[in-house]
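Q: Following this message is one structure expressed as structure tokens.
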Amino acid sequence: MNIYTQQLLDAVYEHSMKKHLTTRAQNLLLKYVPGIRELEKYFNKMPEEFVKMCPYGNPKTLLAYIYDFTQIMKGEYSRIINLNEKDTVREFLQLTYPYIQGEDQDFAVHFIIEHNEKPLLFFLARYIKHSTNEQTCIFASRYGFKDNKCHSLDEISRMFGKTVERCRQITTRYTLDNPSLLNEIKKCSRYSFISSKFFLNNRSADIAALMRYENLSLCYDSLATIFSMFSDIRLIRCAKDQYMAARPDFHEAINAAEIFKELSLLATSRRYEAQYFPISKLTKGVPKELKQVAANYISFYALHNYNLKTTEDQQILLPQTHINPGFEIEKALERKGAPIHLQELFDMFKQKYPDHKYTSIEQMRSWALRSERVKAIGKTSTYGLAEWKGYFYGTIRDLLIETLEASDKPMKLCDIVAKVSVYFPDTKPNSIATTMQSDERSRFVQTGKGFYGLKSKPYYKKAAKAHNEPQLPFED
């Protein structure tokens with residue numbers, strides 16, 4: 001007789017006693033015949049011989065009930081030992097785990113025959129999902145057992161016609177109304193490793209393997225809720241709609257609440273480019289013996305709640321969140337290390353962000369002008385960085401003013417051209433003279449043939465006073 005047949009016989013024996021015998025008859029039978037293996041010896045006995053089975057003057061009526069029950073069990077025994085393995089397991093599941101039906105039952109039958117053990121967590125998840133008990137239904141809806149979606153208390157309140165506070169009380173104080181299944185799980189050595197964990201990571205190799213093994217397609221909150229029923233793991237609220245499954249003493253020891261608050265600020269901050277943030281900055285106050293576990297906990301929290309990945313050297317990758325054209329212009333100039341025309345800057349920007357709404361270079365120009373680091377080189381629509389040496393940021397007229405301002409006397413045109421040619425090598429002397437003569441603000445003066453200066457300089461005022469008449473710029 002294989003183990004499945006024995007388990008089915010025991011289950012049928014217990015079920016049939018409750019169905020066919022009174023409580024008194026059940027107690028009497030269990031006292032002298034605790035199992036079907038002992039009852040088997042009486043299958044072919046006559047009614048009068050049952051007095052020997054239950055001595056001490058038990059009433060004949062009671063013994064008659066037991067005799068009739070024995071004949072029922074004789075027929076069941078004969079039927080069950082002739083079942084094939086698959087039918088035996090299926091009938092055992094129907095009798096012991098009636099909430100396992102359809103495809104779930106097919107999976108369970110195959111699992112038990114192949115692995116010679118029961119998928120107890122699978123049974124527990126299905127029990128919570130299919131239970132008709134109202135409190136269990138509320139609990140199942142809250143933690144994602146019904147449709148793999150965790151519903152809010154407001155939604156559950158409307159679904160079940162109860163107040164939000166009452167729904168909260170039910171979900172926080174819920175106790176599973178199937179203690180026998182929970183005891184089976186606690187006694188199963190296959191789940192003992194869970195008790196040694198500081199926190200639940202459903203992507204870790206051992207947990208992922210367990211979920212595949214038992215066909216557990218559960219969300220994180222559902223899995224954590226199941227584990228909290230038989231281990232020290234608890235579902236801890238970290239922020240609005242954010243929960244982590246961990247041992248409360250560990251969570252408190254590393255001050256996880258403050259760490260996660262800081263991580264939340266990092267994850268939701270505005271960034272114009274991707275950045276790396278070392279986890280070690282978050283674990284400064286963590287006890288040395290818990291630093292590595294805490295780093296793993298933080299890494300999983302970042303991935304689970306914000307989809308932020310962590311590198312092998314434990315740095316959290318914070319992705320770009322916003323597009324700033326001005327920032328992109330600065331970075332493009334930094335990479336090239338030389339001035340870039342606005343058209344090229346625009347082309348580089350559209351190559352990186354092809355779906356961006358900007359369609360012309362003029363939309364980029366405003367960003368270049370408002371940046372403190374980006375400066376225009378003349379009127380050529382070419383831009384560079386303010387900290388670069390060897391470039392003049394401004395027009396030729398601005399350079400002329402700067403050059404003449406640095407001199408205490410008027411300068412020869414050839415000397416002015418030499419200064420300007422350093423930054424604008426293609427500029428001609430006639431062009432420079434025309435630029436000074438056409439200044440709308442009349443800041444330049446010609447003090448002699450081929451000599452030029454600034455109207456604001458002292459030498460211009462002295463010359464005007466000596467002639468007792470104001471001198472006009474560039475008069476014939």
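For the structure tokens, the naming scheme is as follows: chains receive sequential letters (A, B, ...) according to their order of presentation, residues are indexed from 1 within each chain, and ligands are indexed from 1 in presentation order.
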Check range 346-423 of chain A with DSSP on the backbone and list each residue it calls strand (DSSP E or B), as a ChimeraX atom specification.
A: /A:374-377,382-385,411-412
Q: With N, CA, C and O atoms retained, could you export that selection as an mmCIF file, in the first residue's frame?
A:
```cif
data_model
loop_
_atom_site.group_PDB
_atom_site.id
_atom_site.type_symbol
_atom_site.label_atom_id
_atom_site.label_comp_id
_atom_site.auth_asym_id
_atom_site.auth_seq_id
_atom_site.Cartn_x
_atom_site.Cartn_y
_atom_site.Cartn_z
ATOM 1 N N VAL A 374 27.262 79.598 -21.267
ATOM 2 C CA VAL A 374 27.346 79.623 -22.728
ATOM 3 C C VAL A 374 27.408 81.076 -23.210
ATOM 4 O O VAL A 374 26.588 81.908 -22.831
ATOM 5 N N LYS A 375 28.416 81.369 -24.061
ATOM 6 C CA LYS A 375 28.597 82.717 -24.577
ATOM 7 C C LYS A 375 28.674 82.694 -26.100
ATOM 8 O O LYS A 375 29.223 81.769 -26.693
ATOM 9 N N ALA A 376 28.125 83.754 -26.702
ATOM 10 C CA ALA A 376 28.152 83.871 -28.164
ATOM 11 C C ALA A 376 29.493 84.432 -28.613
ATOM 12 O O ALA A 376 30.070 85.313 -27.960
ATOM 13 N N ILE A 377 29.988 83.939 -29.725
ATOM 14 C CA ILE A 377 31.219 84.441 -30.319
ATOM 15 C C ILE A 377 30.835 85.292 -31.517
ATOM 16 O O ILE A 377 30.498 84.781 -32.595
ATOM 17 N N THR A 382 27.738 81.226 -33.311
ATOM 18 C CA THR A 382 28.661 80.221 -32.780
ATOM 19 C C THR A 382 28.813 80.469 -31.288
ATOM 20 O O THR A 382 28.925 81.621 -30.847
ATOM 21 N N TYR A 383 28.854 79.370 -30.526
ATOM 22 C CA TYR A 383 28.851 79.496 -29.070
ATOM 23 C C TYR A 383 29.980 78.673 -28.447
ATOM 24 O O TYR A 383 30.387 77.634 -28.984
ATOM 25 N N GLY A 384 30.462 79.183 -27.309
ATOM 26 C CA GLY A 384 31.478 78.482 -26.538
ATOM 27 C C GLY A 384 31.178 78.605 -25.056
ATOM 28 O O GLY A 384 30.151 79.180 -24.665
ATOM 29 N N LEU A 385 32.075 78.110 -24.216
ATOM 30 C CA LEU A 385 31.891 78.176 -22.764
ATOM 31 C C LEU A 385 32.693 79.331 -22.183
ATOM 32 O O LEU A 385 33.829 79.590 -22.606
ATOM 33 N N MET A 411 44.714 105.030 -30.445
ATOM 34 C CA MET A 411 45.516 103.978 -31.041
ATOM 35 C C MET A 411 45.477 104.070 -32.564
ATOM 36 O O MET A 411 44.497 104.490 -33.152
ATOM 37 N N LYS A 412 46.593 103.628 -33.175
ATOM 38 C CA LYS A 412 46.652 103.568 -34.622
ATOM 39 C C LYS A 412 45.727 102.453 -35.107
ATOM 40 O O LYS A 412 45.569 101.442 -34.447
#
```
Q: For Glu273 in chain A, list every protein, DNA or RNA residue within 10 Å, evaluated using only C-alpha atoms, and leave out those in the same chain fewer than 5 positions away; present the list as a VMD selection string.
A: chain A and resid 318 to 324 327 to 328 331
Q: Counting only C-alpha atoms, what is within 12 Å of Asp106 in chain A, bar same-chain residues fewer than 2 positions away, as a list in words?
A: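 Skipping anything fewer than 2 positions along the chain leaves Lys86, Asp87, Val89, Arg90, Glu91, Leu93, Gln94, Ile100, Gln101, Gly102, Glu103, Asp104, Ala108, Val109, His110, Phe111, Ile112 and Ile113 of chain A.
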Q: Could you please take those selected residues and save N, CA and C atoms as an mmCIF file, in the first residue's frame?
A:
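Result file out06.cif:
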```
data_model
loop_
_atom_site.group_PDB
_atom_site.id
_atom_site.type_symbol
_atom_site.label_atom_id
_atom_site.label_comp_id
_atom_site.auth_asym_id
_atom_site.auth_seq_id
_atom_site.Cartn_x
_atom_site.Cartn_y
_atom_site.Cartn_z
ATOM 1 N N LYS A 86 -3.181 8.149 -9.677
ATOM 2 C CA LYS A 86 -3.709 9.459 -10.020
ATOM 3 C C LYS A 86 -5.081 9.688 -9.400
ATOM 4 N N ASP A 87 -5.959 8.692 -9.506
ATOM 5 C CA ASP A 87 -7.299 8.821 -8.937
ATOM 6 C C ASP A 87 -7.260 8.889 -7.418
ATOM 7 N N VAL A 89 -4.810 10.225 -5.547
ATOM 8 C CA VAL A 89 -4.391 11.576 -5.164
ATOM 9 C C VAL A 89 -5.512 12.580 -5.398
ATOM 10 N N ARG A 90 -6.210 12.435 -6.523
ATOM 11 C CA ARG A 90 -7.287 13.374 -6.847
ATOM 12 C C ARG A 90 -8.408 13.302 -5.810
ATOM 13 N N GLU A 91 -8.779 12.077 -5.411
ATOM 14 C CA GLU A 91 -9.846 11.938 -4.415
ATOM 15 C C GLU A 91 -9.391 12.455 -3.060
ATOM 16 N N LEU A 93 -7.331 14.948 -2.581
ATOM 17 C CA LEU A 93 -7.405 16.412 -2.663
ATOM 18 C C LEU A 93 -8.845 16.897 -2.547
ATOM 19 N N GLN A 94 -9.775 16.202 -3.199
ATOM 20 C CA GLN A 94 -11.178 16.610 -3.138
ATOM 21 C C GLN A 94 -11.724 16.527 -1.729
ATOM 22 N N ILE A 100 -9.401 23.253 -3.981
ATOM 23 C CA ILE A 100 -8.509 23.035 -5.117
ATOM 24 C C ILE A 100 -9.297 22.316 -6.203
ATOM 25 N N GLN A 101 -9.664 23.046 -7.250
ATOM 26 C CA GLN A 101 -10.522 22.500 -8.299
ATOM 27 C C GLN A 101 -9.945 22.795 -9.679
ATOM 28 N N GLY A 102 -10.457 22.097 -10.690
ATOM 29 C CA GLY A 102 -10.118 22.383 -12.078
ATOM 30 C C GLY A 102 -8.646 22.266 -12.380
ATOM 31 N N GLU A 103 -8.090 23.287 -13.031
ATOM 32 C CA GLU A 103 -6.683 23.290 -13.410
ATOM 33 C C GLU A 103 -5.773 23.261 -12.192
ATOM 34 N N ASP A 104 -6.212 23.915 -11.114
ATOM 35 C CA ASP A 104 -5.424 23.884 -9.878
ATOM 36 C C ASP A 104 -5.286 22.458 -9.363
ATOM 37 N N ALA A 108 -1.927 20.166 -8.857
ATOM 38 C CA ALA A 108 -1.622 19.588 -7.556
ATOM 39 C C ALA A 108 -1.426 18.079 -7.654
ATOM 40 N N VAL A 109 -2.264 17.386 -8.426
ATOM 41 C CA VAL A 109 -2.127 15.936 -8.608
ATOM 42 C C VAL A 109 -0.773 15.612 -9.230
ATOM 43 N N HIS A 110 -0.439 16.340 -10.287
ATOM 44 C CA HIS A 110 0.843 16.115 -10.967
ATOM 45 C C HIS A 110 2.009 16.409 -10.027
ATOM 46 N N PHE A 111 1.901 17.492 -9.257
ATOM 47 C CA PHE A 111 2.968 17.894 -8.341
ATOM 48 C C PHE A 111 3.199 16.832 -7.271
ATOM 49 N N ILE A 112 2.133 16.360 -6.646
ATOM 50 C CA ILE A 112 2.256 15.382 -5.558
ATOM 51 C C ILE A 112 2.855 14.074 -6.061
ATOM 52 N N ILE A 113 2.407 13.607 -7.219
ATOM 53 C CA ILE A 113 2.933 12.337 -7.761
ATOM 54 C C ILE A 113 4.399 12.482 -8.142
#
```
Q: Do you know which residues are at most 12 Å from Asp415 in chain A counting only C-alpha atoms, after dropping those on the same chain fewer than 5 positions away, and could you put them as an MDAnalysis selection string?
A: chainID A and resid 400 403:404 407 410 420:422 429 432 450:453
Q: Pick out the residues sitting within 12 Å of Lys336 in chain A, and hand them over as a count of residues only; count only C-alpha atoms, and ignore anything fewer than 3 positions along from it in its own chain.
A: 14
Q: What parts of range 84-283 of chain A does DSSP call helix (DSSP H, G or I)? I'd like the answer as number ranges by chain.
A: A: 85-96, 102-115, 120-130, 134-142, 153-160, 164-173, 179-187, 189-196, 205-213, 220-228, 248-253, 256-268, 279-281
Q: Point out the residue among A:Thr171, A:Thr61, A:Ser204, A:Asn82 with the least atom-to-atom distance to His151 in chain A, counting only C-alpha atoms.
A: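 Between A:Thr171, A:Thr61, A:Ser204, A:Asn82, the residue approaching His151 in chain A most closely is A:Thr171.
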Q: Looking at A:Leu120, A:Asp10, A:Leu454, A:Glu440, which one is nearest to Pro34 in chain A, with distances taken over only C-alpha atoms?
A: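 Closest to Pro34 in chain A, using only C-alpha atoms: A:Asp10.
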Q: Identify, on the basis of only C-alpha atoms, every residue whose closest approach to Arg247 in chain A does not exceed 6 Å; exclude the query and any residue fewer than 6 positions from it along the same chain; express the result as a list in words.
A: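 After dropping sequence-adjacent residues, the list is Phe198, Asp232, Ile233 and Arg234 of chain A.
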Q: May I have the residues from that selection written out with N, CA, C and O atoms, as a PDB file, in the first residue's frame?
A:
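Produced file selection_4.pdb, reproduced below:
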```
ATOM      1  N   PHE A 198      16.364  38.259   6.583  1.00  0.00           N
ATOM      2  CA  PHE A 198      16.103  39.561   7.188  1.00  0.00           C
ATOM      3  C   PHE A 198      14.966  40.291   6.452  1.00  0.00           C
ATOM      4  O   PHE A 198      14.238  41.065   7.048  1.00  0.00           O
ATOM      5  N   ASP A 232       8.982  35.239  10.786  1.00  0.00           N
ATOM      6  CA  ASP A 232       9.127  36.547  11.430  1.00  0.00           C
ATOM      7  C   ASP A 232       9.003  37.698  10.446  1.00  0.00           C
ATOM      8  O   ASP A 232       9.069  38.867  10.840  1.00  0.00           O
ATOM      9  N   ILE A 233       8.851  37.399   9.169  1.00  0.00           N
ATOM     10  CA  ILE A 233       8.679  38.435   8.146  1.00  0.00           C
ATOM     11  C   ILE A 233       7.335  39.139   8.351  1.00  0.00           C
ATOM     12  O   ILE A 233       6.333  38.496   8.592  1.00  0.00           O
ATOM     13  N   ARG A 234       7.345  40.463   8.245  1.00  0.00           N
ATOM     14  CA  ARG A 234       6.116  41.239   8.359  1.00  0.00           C
ATOM     15  C   ARG A 234       6.055  42.259   7.220  1.00  0.00           C
ATOM     16  O   ARG A 234       7.080  42.725   6.732  1.00  0.00           O
TER      17      ARG A 234
END
```
Q: Could you tell me how far CA of Leu39 in chain A sits from CA of Leu181 in chain A, in Å to one decimal place?
A: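 Rounded to one decimal, the two atoms are 26.8 Å apart.
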Q: Let me make sure I understand: among A:Met73, A:Leu200, A:Leu62, A:Leu282, which one has the smallest atom-to-atom distance to Leu9 in chain A if we use only C-alpha atoms?
A: A:Met73
Q: Excluding Tyr99 in chain A and its own-chain neighbours fewer than 6 positions away, which residues fall within 9 Å of it when counting only C-alpha atoms? Please give them as an mmCIF file with C-alpha atoms, in the first residue's frame.
A:
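See around_36.cif below for the written result:
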```cif
data_model
loop_
_atom_site.group_PDB
_atom_site.id
_atom_site.type_symbol
_atom_site.label_atom_id
_atom_site.label_comp_id
_atom_site.auth_asym_id
_atom_site.auth_seq_id
_atom_site.Cartn_x
_atom_site.Cartn_y
_atom_site.Cartn_z
ATOM 1 C CA LEU A 93 -7.405 16.412 -2.663
ATOM 2 C CA GLN A 105 -6.322 20.320 -8.984
ATOM 3 C CA PHE A 123 -2.856 25.479 -1.328
ATOM 4 C CA ARG A 126 -5.819 29.244 -3.334
ATOM 5 C CA TYR A 127 -7.639 28.868 -0.023
ATOM 6 C CA HIS A 130 -11.505 31.080 -3.114
ATOM 7 C CA SER A 131 -12.731 31.418 0.468
#
```
Q: How far is it from CA of Glu214 in chain A to CA of Leu121 in chain A, in Å with one decimal?
A: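 These two atoms are separated by 7.2 Å.
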Q: Counting only C-alpha atoms, figure out which residue out of A:Glu165, A:Glu372, A:Glu117, A:Glu40 gets nearest to Ser152 in chain A.
A: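 Closest to Ser152 in chain A, using only C-alpha atoms: A:Glu165.
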Q: Per residue of range 226-298 of chain A within 12 Å of range 137-147 of chain A, record the nearest atom pair and its distance in Å to one decimal, counting only C-alpha atoms, with rows in chain order and ascending residue number, as CSV.
A:
```
residue,atom,partner,partner_atom,distance
A:Ile226,CA,A:Tyr143,CA,9.9
A:Leu235,CA,A:Tyr143,CA,10.3
A:Asp241,CA,A:Tyr143,CA,11.5
A:Tyr243,CA,A:Tyr143,CA,10.8
```
